[in-house]
Amino acid sequence: MTEAEALTLAEEAALNWTSGANPRLLSHRENAVFAVTLPDAARGVLRLHRKGYQSEEAIRSELWWMDALAEAGLGVPRPQRTVDGALMARLADGRIASVLNWVEGRPIGTGGEPLDGTPDEQMRRYASVGRAIAQLHVATDRITLPPWFSRPHWDIDGLLGSAPFWGRFWDHPAASEAEALLLQEARRYARERLSDHAAQGADQGLIHADLLRENILHDGHHARLIDFDDSGFGFRLYDLGTALAQNLKEPALDQIATGLIEGYATHRPLTDDDLAMLPVFVMLRTLASVGWTMPRLAPGDPRIRAYLNRAVRTAHAVLEGLPLFRVA
């Protein structure tokens with residue numbers, strides 16, 4: 001879908017909420033996302049959901065969950081209902097559209113670029129991220145989900161089964177023979193560790209599942225989580241692992257990890273087993289990201305090699321028992 005086609009669809013979609021939305025393209029990646037003007041003149045975000053990724057039931061569930069979280073007082077995007085009172089609208093081409101309210105703040109960083117601020121500032125920012133993640137998990141556990149609720153599963157099979165949700169990372173055609181063998185060994189090792197972790201009563205439930213820097217907004221004091229498009233059921237530690245995965249090459253990684261863990265623990269205690277498992281979940285995110293590239297990036301895209309290199313480095317460290325970070 002070209003940007004011009006996306007704009008035409010956005011204009012069609014906006015009529016379900018208001019006639020004066022004036023869509024302005026913000027990003028065109030998984031979904032096409034537009035800034036719009038809501039009927040009360042407030043800013044909003046219009047999403048054109050990518051065909052074939054999430055089902056209509058899964059999108060409705062995502063929106064229902066965000067609405068419940070906002071009702072509980074969390075600073076997450078809140079769905080805006082159509083003029084007919086619906087959470088979403090289906091367009092003439094079959095695509096689904098939804099509108100969220102605007103969340104203030106700027107992304108905590110950009111993937112592939114150094115974080116700004118001193119190590120102490122980065123630690124404080126990630127402490128607020130940890131608190132926001134814990135608040136998300138705590139609030140979610142207090143919500144009774146409707147019987148029709150449906151989201152993907154980031155469980156053992158969803159991450160490491162024969163058909164992982166984001167793809168068979170160990171079969172990536174760009175991986176060398178040695179890299180493929182290492183990824184297969186990482187898969188086997190992670191499955192054993194996750195099985196043991198689950199058997200010991202690991203915390204599982206609804207998770208955000210995509211806490212990249214771009215999906216964490218910060219206003220100088222508080223972190224706010226956006227973009228729940230990949231949310232689903234899984235291990236709660238996966239959210240912390242994802243938040244750390246982009247920071248593996250940061251000079252202040254130890255402070256970032258310390259802030260994230262301490263912030264999370266202010267609302268949701270972590271056991272020694274949890275802390276020992278966290279590097280495994282960081283590795284799992286790097287592996288999943290390799291799978292993510294397979295249907296999305298063209299051969300030769302430099303991001304493929306960057307993701308593979310990160311996964312190989314992380315898997316090697318975890319399998320050798322080398323620390324990814326040290327918590328102060």
# chains A, B, ... in the order shown; residues from 1 in each chain; ligands from 1

$ select_by_dssp --residues "region 24-244 of chain A" --states "strand (DSSP E)" --output "ChimeraX atom specification"
/A:24-28,32-37,43-48,89-90,96-101,106-107,153-154,204-207,216-218,223-225,232-235

$ residues_around --residues "Phe165 (chain A)" --least-positions-apart "4" --cutoff "9 Å" --atoms "only C-alpha atoms" --output "list in words"
Pro152, His153, Trp154, Asp157, Gly158, Leu159, Leu160, Gly161, Ala288, Gly291 and Trp292 of chain A

$ atom_distance --atom1 "CA of Leu194 (chain A)" --atom2 "CA of Glu177 (chain A)"
25.6 Å

$ closest_residue --among "A:Gly232, A:Gly167, A:Gly75, A:Gly321" --to "Glu62 (chain A)" --atoms "only C-alpha atoms"
A:Gly232

$ atom_distance --atom1 "CA of Leu63 (chain A)" --atom2 "CA of Met294 (chain A)"
27.6 Å

$ closest_residue --among "A:His267, A:Arg191, A:His172, A:Arg313" --to "Val138 (chain A)" --atoms "only C-alpha atoms"
A:His267

$ residues_around --residues "Ala265 (chain A)" --least-positions-apart "6" --cutoff "8 Å" --atoms "only C-alpha atoms" --output "number ranges by chain"
A: 130-131, 134

$ closest_residue --among "A:Ala10, A:Val76, A:Ala21, A:Ala175" --to "Leu308 (chain A)" --atoms "only C-alpha atoms"
A:Ala175

$ closest_residue --among "A:Lys249, A:Arg305, A:His137, A:Arg90" --to "Ser55 (chain A)" --atoms "only C-alpha atoms"
A:Arg90

$ closest_residue --among "A:Ile207, A:Ala174, A:Leu244, A:Leu183" --to "Pro299 (chain A)" --atoms "only C-alpha atoms"
A:Ala174

$ select_by_dssp --residues "region 53-295 of chain A" --states "helix (DSSP H, G or I)" --output "number ranges by chain"
A: 56-71, 119-141, 156-160, 169-171, 177-199, 213-215, 237-245, 253-265, 272-293

$ decode --residues "region 22-45 of chain A" --atoms "N, CA, C and O atoms" --output "mmCIF file, in the first residue's frame"
data_model
loop_
_atom_site.group_PDB
_atom_site.id
_atom_site.type_symbol
_atom_site.label_atom_id
_atom_site.label_comp_id
_atom_site.auth_asym_id
_atom_site.auth_seq_id
_atom_site.Cartn_x
_atom_site.Cartn_y
_atom_site.Cartn_z
ATOM 1 N N ASN A 22 -8.913 15.436 9.064
ATOM 2 C CA ASN A 22 -7.687 15.877 8.390
ATOM 3 C C ASN A 22 -6.501 14.960 8.686
ATOM 4 O O ASN A 22 -5.525 15.367 9.333
ATOM 5 N N PRO A 23 -6.544 13.706 8.239
ATOM 6 C CA PRO A 23 -5.464 12.767 8.563
ATOM 7 C C PRO A 23 -4.098 13.231 8.065
ATOM 8 O O PRO A 23 -3.972 13.743 6.945
ATOM 9 N N ARG A 24 -3.082 13.052 8.904
ATOM 10 C CA ARG A 24 -1.692 13.381 8.549
ATOM 11 C C ARG A 24 -0.829 12.177 8.909
ATOM 12 O O ARG A 24 -0.794 11.756 10.055
ATOM 13 N N LEU A 25 -0.133 11.628 7.908
ATOM 14 C CA LEU A 25 0.626 10.394 8.102
ATOM 15 C C LEU A 25 1.737 10.582 9.135
ATOM 16 O O LEU A 25 2.535 11.518 9.051
ATOM 17 N N LEU A 26 1.784 9.667 10.106
ATOM 18 C CA LEU A 26 2.844 9.653 11.113
ATOM 19 C C LEU A 26 3.859 8.551 10.838
ATOM 20 O O LEU A 26 5.063 8.755 10.956
ATOM 21 N N SER A 27 3.374 7.369 10.509
ATOM 22 C CA SER A 27 4.268 6.255 10.200
ATOM 23 C C SER A 27 3.542 5.258 9.310
ATOM 24 O O SER A 27 2.312 5.153 9.343
ATOM 25 N N HIS A 28 4.327 4.521 8.530
ATOM 26 C CA HIS A 28 3.758 3.537 7.605
ATOM 27 C C HIS A 28 4.625 2.294 7.684
ATOM 28 O O HIS A 28 5.467 2.038 6.840
ATOM 29 N N ARG A 29 4.418 1.511 8.782
ATOM 30 C CA ARG A 29 5.198 0.306 8.998
ATOM 31 C C ARG A 29 4.245 -0.877 9.076
ATOM 32 O O ARG A 29 3.639 -1.264 8.089
ATOM 33 N N GLU A 30 4.099 -1.478 10.268
ATOM 34 C CA GLU A 30 3.149 -2.581 10.410
ATOM 35 C C GLU A 30 1.737 -2.106 10.067
ATOM 36 O O GLU A 30 1.021 -2.717 9.295
ATOM 37 N N ASN A 31 1.345 -1.004 10.687
ATOM 38 C CA ASN A 31 0.085 -0.337 10.379
ATOM 39 C C ASN A 31 0.399 1.034 9.804
ATOM 40 O O ASN A 31 1.474 1.587 10.055
ATOM 41 N N ALA A 32 -0.530 1.582 9.051
ATOM 42 C CA ALA A 32 -0.415 2.981 8.647
ATOM 43 C C ALA A 32 -1.074 3.811 9.741
ATOM 44 O O ALA A 32 -2.226 3.564 10.121
ATOM 45 N N VAL A 33 -0.347 4.775 10.292
ATOM 46 C CA VAL A 33 -0.796 5.529 11.456
ATOM 47 C C VAL A 33 -0.855 7.011 11.102
ATOM 48 O O VAL A 33 0.111 7.566 10.557
ATOM 49 N N PHE A 34 -1.969 7.647 11.439
ATOM 50 C CA PHE A 34 -2.199 9.048 11.095
ATOM 51 C C PHE A 34 -2.580 9.848 12.331
ATOM 52 O O PHE A 34 -3.276 9.351 13.223
ATOM 53 N N ALA A 35 -2.134 11.088 12.382
ATOM 54 C CA ALA A 35 -2.651 12.039 13.361
ATOM 55 C C ALA A 35 -3.962 12.595 12.817
ATOM 56 O O ALA A 35 -4.073 12.909 11.629
ATOM 57 N N VAL A 36 -4.969 12.695 13.684
ATOM 58 C CA VAL A 36 -6.275 13.212 13.273
ATOM 59 C C VAL A 36 -6.799 14.165 14.340
ATOM 60 O O VAL A 36 -6.334 14.166 15.480
ATOM 61 N N THR A 37 -7.764 14.957 13.935
ATOM 62 C CA THR A 37 -8.462 15.849 14.864
ATOM 63 C C THR A 37 -9.791 15.210 15.236
ATOM 64 O O THR A 37 -10.595 14.869 14.366
ATOM 65 N N LEU A 38 -10.013 15.051 16.533
ATOM 66 C CA LEU A 38 -11.242 14.428 17.020
ATOM 67 C C LEU A 38 -12.373 15.448 17.091
ATOM 68 O O LEU A 38 -12.130 16.666 16.996
ATOM 69 N N PRO A 39 -13.613 14.989 17.244
ATOM 70 C CA PRO A 39 -14.755 15.921 17.245
ATOM 71 C C PRO A 39 -14.647 17.037 18.280
ATOM 72 O O PRO A 39 -15.156 18.134 18.059
ATOM 73 N N ASP A 40 -13.980 16.798 19.417
ATOM 74 C CA ASP A 40 -13.848 17.835 20.440
ATOM 75 C C ASP A 40 -12.608 18.692 20.230
ATOM 76 O O ASP A 40 -12.173 19.401 21.134
ATOM 77 N N ALA A 41 -12.000 18.585 19.027
ATOM 78 C CA ALA A 41 -10.802 19.340 18.639
ATOM 79 C C ALA A 41 -9.529 18.806 19.287
ATOM 80 O O ALA A 41 -8.455 19.388 19.106
ATOM 81 N N ALA A 42 -9.632 17.723 20.048
ATOM 82 C CA ALA A 42 -8.444 17.108 20.619
ATOM 83 C C ALA A 42 -7.713 16.298 19.548
ATOM 84 O O ALA A 42 -8.279 15.939 18.509
ATOM 85 N N ARG A 43 -6.441 16.006 19.804
ATOM 86 C CA ARG A 43 -5.670 15.205 18.868
ATOM 87 C C ARG A 43 -5.927 13.719 19.094
ATOM 88 O O ARG A 43 -6.154 13.280 20.225
ATOM 89 N N GLY A 44 -5.901 12.981 18.011
ATOM 90 C CA GLY A 44 -6.070 11.536 18.087
ATOM 91 C C GLY A 44 -5.142 10.837 17.116
ATOM 92 O O GLY A 44 -4.418 11.478 16.342
ATOM 93 N N VAL A 45 -5.147 9.509 17.163
ATOM 94 C CA VAL A 45 -4.322 8.682 16.286
ATOM 95 C C VAL A 45 -5.225 7.685 15.574
ATOM 96 O O VAL A 45 -5.936 6.906 16.220
#
